[in-house]
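Some notes on the structure that comes next.
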Amino acid sequence: MWQRVKDKIPYIILAALLLAAGFVWSRVLGQDFSDKVRIDFLDVGQGSAILVLAPNNNQVLIDGGPSDAVLAKLGEALPFGDRQIELLILTHPDSDHLSGLVEVLKRYEVNQILETGIVADSAEYQTWNDLIKQKNIPVIFAQAGQTIKIADNLAIKILYPLAKINGQEFKNTNATSIVGKIIYGQNTVLFTGDAEKQTEQPLLMLGADLKADILVVGHHGSKNSTSLEFLAAVMPSIAVIQVGAKNTYGHPTQEVLSRLKEIDIFRTDLDSDIDFACDLAKCWQAE
Ligand SMILES: [Zn+2]
């Protein structure tokens with residue numbers, strides 16, 4: 001009996017080595033072909049730009065900041081040779097959100113656009129609309145209740161505007177901002193564009209599902225956004241403020257910073273790019 005086991009020892013060792021090698025390889029490959037989603041809050045100065053990178057190589061860019069600064073950031077973040085962005089979201093057509101997206105539209109192949117489609121009269125917005133027409137890019141007009149699937153377990157859910165507002169004109173474009181939630185597994189990120197109290201209030205009254213782990217603080221930390229009631233409904237553990245260093249607006253305001261005092265705050269003016277990696281259960285700060 002002993003003799004027979006002894007004969008088999010080399011095979012047992014070989015099997016163990018193969019198992020170990022398989023384990024190591026699955027770990028190595030797991031890093032390259034993982035199920036991790038990256039959510040990068042790009043430092044684009046005084047403005048907003050959020051890049052979502054899905055494991056299936058689908059990318060979503062939510063706003064583009066005030067300049068072509070976003071292009072260098074995309075160059076760093078996208079896989080080498082990837083000139084295609086699956087979805088652009090324009091929360092509202094103010095230049096600190098729109099300008100960078102116009103540059104992206106000129107240089108990247110864009111599969112789809114989600115926007116409100118409101119009427120605004122800047123030359124830049126005209127260029128944006130012309131490029132969309134010229135490139136024949138499908139546009140979805142945002143409306144609460146829409147869910148856009150990006151990849152397995154990854155979607156963006158729209159909470160505002162409550163109904164489509166395309167073709168309409170507004171005095172206060174901030175109040176037209178798309179509010180939405182990035183959902184990946186159990187992780188949630190709420191973005192609000194430059195929405196202020198007058199958008200937060202109806203969402204609260206309607207009992208919208210605002211709860212999120214990460215809150216992208218509204219309107220770069222303006223005192224008219226991020227009310228205490230709103231924060232109580234979102235209950236974020238992390239707040240991200242996209243804001244330019246030494247901006248002339250005084251963003252983020254002391255009022256908002258003190259409302260956020262119990263929450264971990266990340267700021268693009270102080271921290272530059274803020275990148276998170278998420279698996280299905282949690283997000284953590286990536287390198
Ligand atoms: Zn803004």
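Convention: chains lettered A, B, ... in structure tokens order; per-chain residue numbering from 1; ligands numbered from 1 as shown.
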
May I have the residues within 12 Å of Asp275 of chain A as a PyMOL selection string, using only C-alpha atoms and disregarding those fewer than 5 positions away in the same chain?
chain A and resi 37-43+49-53+73+77+240+266-268+283-287

Taking only C-alpha atoms and all ligand atoms into account, report as a PyMOL selection string which residues have an atom no farther than 12 Å from an atom of ligand 1.
chain A and resi 44-49+63-66+90-99+173-177+191-196+216-222+225+241-244+247+249+251-252

Writing out the chosen residues with C-alpha atoms as a CSV table (one decimal), in the first residue's frame:
```csv
chain,number,residue,atom,x,y,z
A,44,VAL,CA,-10.7,70.0,-15.0
A,45,GLY,CA,-10.6,73.3,-13.1
A,46,GLN,CA,-13.8,75.2,-12.3
A,47,GLY,CA,-16.3,72.8,-13.8
A,48,SER,CA,-17.4,69.2,-13.7
A,49,ALA,CA,-16.3,66.0,-15.5
A,63,ASP,CA,-20.0,66.6,-18.4
A,64,GLY,CA,-16.7,67.7,-19.8
A,65,GLY,CA,-15.5,70.7,-17.8
A,66,PRO,CA,-14.8,74.3,-19.0
A,90,LEU,CA,-24.6,66.8,-20.6
A,91,THR,CA,-26.3,67.7,-17.3
A,92,HIS,CA,-27.0,71.2,-18.6
A,93,PRO,CA,-25.5,73.4,-21.3
A,94,ASP,CA,-23.4,75.9,-19.1
A,95,SER,CA,-19.9,76.2,-20.4
A,96,ASP,CA,-18.2,74.8,-17.3
A,97,HIS,CA,-19.9,71.5,-18.2
A,98,LEU,CA,-20.3,71.8,-21.9
A,99,SER,CA,-17.0,73.2,-23.4
A,173,THR,CA,-30.2,76.6,-16.6
A,174,ASN,CA,-28.8,75.2,-13.3
A,175,ALA,CA,-32.3,74.2,-12.4
A,176,THR,CA,-32.6,72.0,-15.5
A,177,SER,CA,-29.6,69.9,-14.5
A,191,PHE,CA,-24.5,63.3,-9.5
A,192,THR,CA,-26.5,66.5,-9.6
A,193,GLY,CA,-24.9,68.9,-12.0
A,194,ASP,CA,-25.5,72.4,-10.8
A,195,ALA,CA,-28.8,71.6,-9.3
A,196,GLU,CA,-29.8,73.8,-6.3
A,216,VAL,CA,-21.1,64.7,-6.1
A,217,VAL,CA,-21.8,67.9,-4.4
A,218,GLY,CA,-24.2,70.2,-6.4
A,219,HIS,CA,-23.1,73.3,-8.2
A,220,HIS,CA,-19.4,73.0,-7.1
A,221,GLY,CA,-20.3,73.7,-3.4
A,222,SER,CA,-22.6,76.7,-3.9
A,225,SER,CA,-27.1,73.5,-3.1
A,241,ILE,CA,-16.6,68.6,-4.8
A,242,GLN,CA,-15.5,69.4,-8.4
A,243,VAL,CA,-14.2,72.9,-8.2
A,244,GLY,CA,-11.3,75.0,-9.5
A,247,ASN,CA,-12.1,80.3,-8.4
A,249,TYR,CA,-17.2,82.2,-7.1
A,251,HIS,CA,-16.8,77.7,-4.2
A,252,PRO,CA,-17.0,75.6,-2.2
```

Apply DSSP to the structure's backbone, then extract all residues of segment 82-233 of chain A labelled strand (DSSP E) and return them as a VMD selection string.
chain A and resid 84 to 85 87 to 89 109 to 110 113 to 115 139 to 141 147 to 151 154 to 160 179 to 184 187 to 191 214 to 216

Grab the residues selected above and save them as a PDB file, in the first residue's frame with C-alpha atoms.
```pdb
ATOM      1  CA  GLN A  84     -14.775  55.598 -28.758  1.00  0.00           C
ATOM      2  CA  ILE A  85     -16.940  56.769 -25.871  1.00  0.00           C
ATOM      3  CA  LEU A  87     -22.224  57.663 -23.791  1.00  0.00           C
ATOM      4  CA  LEU A  88     -21.851  61.391 -23.143  1.00  0.00           C
ATOM      5  CA  ILE A  89     -24.138  62.984 -20.588  1.00  0.00           C
ATOM      6  CA  GLU A 109     -16.482  58.588 -31.793  1.00  0.00           C
ATOM      7  CA  VAL A 110     -19.515  58.937 -29.542  1.00  0.00           C
ATOM      8  CA  ILE A 113     -25.819  61.277 -25.949  1.00  0.00           C
ATOM      9  CA  LEU A 114     -28.084  61.861 -22.982  1.00  0.00           C
ATOM     10  CA  GLU A 115     -29.100  65.474 -22.390  1.00  0.00           C
ATOM     11  CA  VAL A 139     -29.793  61.511 -28.502  1.00  0.00           C
ATOM     12  CA  ILE A 140     -31.887  60.507 -25.515  1.00  0.00           C
ATOM     13  CA  PHE A 141     -33.732  63.329 -23.752  1.00  0.00           C
ATOM     14  CA  THR A 147     -32.301  53.473 -16.651  1.00  0.00           C
ATOM     15  CA  ILE A 148     -29.393  53.211 -19.059  1.00  0.00           C
ATOM     16  CA  LYS A 149     -27.503  49.943 -18.860  1.00  0.00           C
ATOM     17  CA  ILE A 150     -23.745  50.370 -19.350  1.00  0.00           C
ATOM     18  CA  ALA A 151     -22.436  46.894 -18.506  1.00  0.00           C
ATOM     19  CA  LEU A 154     -23.685  48.822 -14.070  1.00  0.00           C
ATOM     20  CA  ALA A 155     -26.389  51.328 -14.942  1.00  0.00           C
ATOM     21  CA  ILE A 156     -27.281  54.985 -14.714  1.00  0.00           C
ATOM     22  CA  LYS A 157     -30.688  55.846 -13.358  1.00  0.00           C
ATOM     23  CA  ILE A 158     -32.203  59.245 -14.102  1.00  0.00           C
ATOM     24  CA  LEU A 159     -34.026  61.068 -11.292  1.00  0.00           C
ATOM     25  CA  TYR A 160     -34.421  64.551 -12.804  1.00  0.00           C
ATOM     26  CA  VAL A 179     -29.737  64.395 -11.578  1.00  0.00           C
ATOM     27  CA  GLY A 180     -28.797  60.750 -11.824  1.00  0.00           C
ATOM     28  CA  LYS A 181     -27.370  57.821 -10.017  1.00  0.00           C
ATOM     29  CA  ILE A 182     -24.534  55.572 -11.098  1.00  0.00           C
ATOM     30  CA  ILE A 183     -25.288  52.120  -9.755  1.00  0.00           C
ATOM     31  CA  TYR A 184     -22.728  49.328  -9.759  1.00  0.00           C
ATOM     32  CA  ASN A 187     -22.419  50.979  -4.927  1.00  0.00           C
ATOM     33  CA  THR A 188     -24.203  54.199  -5.698  1.00  0.00           C
ATOM     34  CA  VAL A 189     -22.965  57.612  -6.803  1.00  0.00           C
ATOM     35  CA  LEU A 190     -25.380  60.541  -7.055  1.00  0.00           C
ATOM     36  CA  PHE A 191     -24.519  63.341  -9.482  1.00  0.00           C
ATOM     37  CA  ILE A 214     -20.841  59.005  -2.903  1.00  0.00           C
ATOM     38  CA  LEU A 215     -22.449  62.398  -3.470  1.00  0.00           C
ATOM     39  CA  VAL A 216     -21.084  64.678  -6.143  1.00  0.00           C
TER      40      VAL A 216
END
```

Hey, what's within 6 Å of segment 116-132 of chain A if we count only C-alpha atoms and toss same-chain stuff fewer than 5 positions away? As a ChimeraX atom specification, please?
/A:102,137,141-142,166-169

Closest to Asn56 of chain A among A:Lys171, A:Gln146, A:Gly185, A:Ser34, using only C-alpha atoms?
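When distances to Asn56 of chain A are compared using only C-alpha atoms, the smallest one comes from A:Ser34.
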
So how many Å separate atom CA of Glu229 of chain A and atom CA of Asp264 of chain A, to one decimal?
18.2 Å

Nearest-residue call for Lys223 of chain A, choices A:Arg83, A:Lys282, A:Arg259, A:Lys133, using only C-alpha atoms:
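Among A:Arg83, A:Lys282, A:Arg259, A:Lys133, it is A:Arg259 that comes nearest to Lys223 of chain A.
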
Would you mind writing down, as a ChimeraX atom specification, each residue of segment 2-189 of chain A that DSSP on the backbone assigns to helix (DSSP H, G or I)?
/A:2-32,69-77,95-107,123-135,173-176
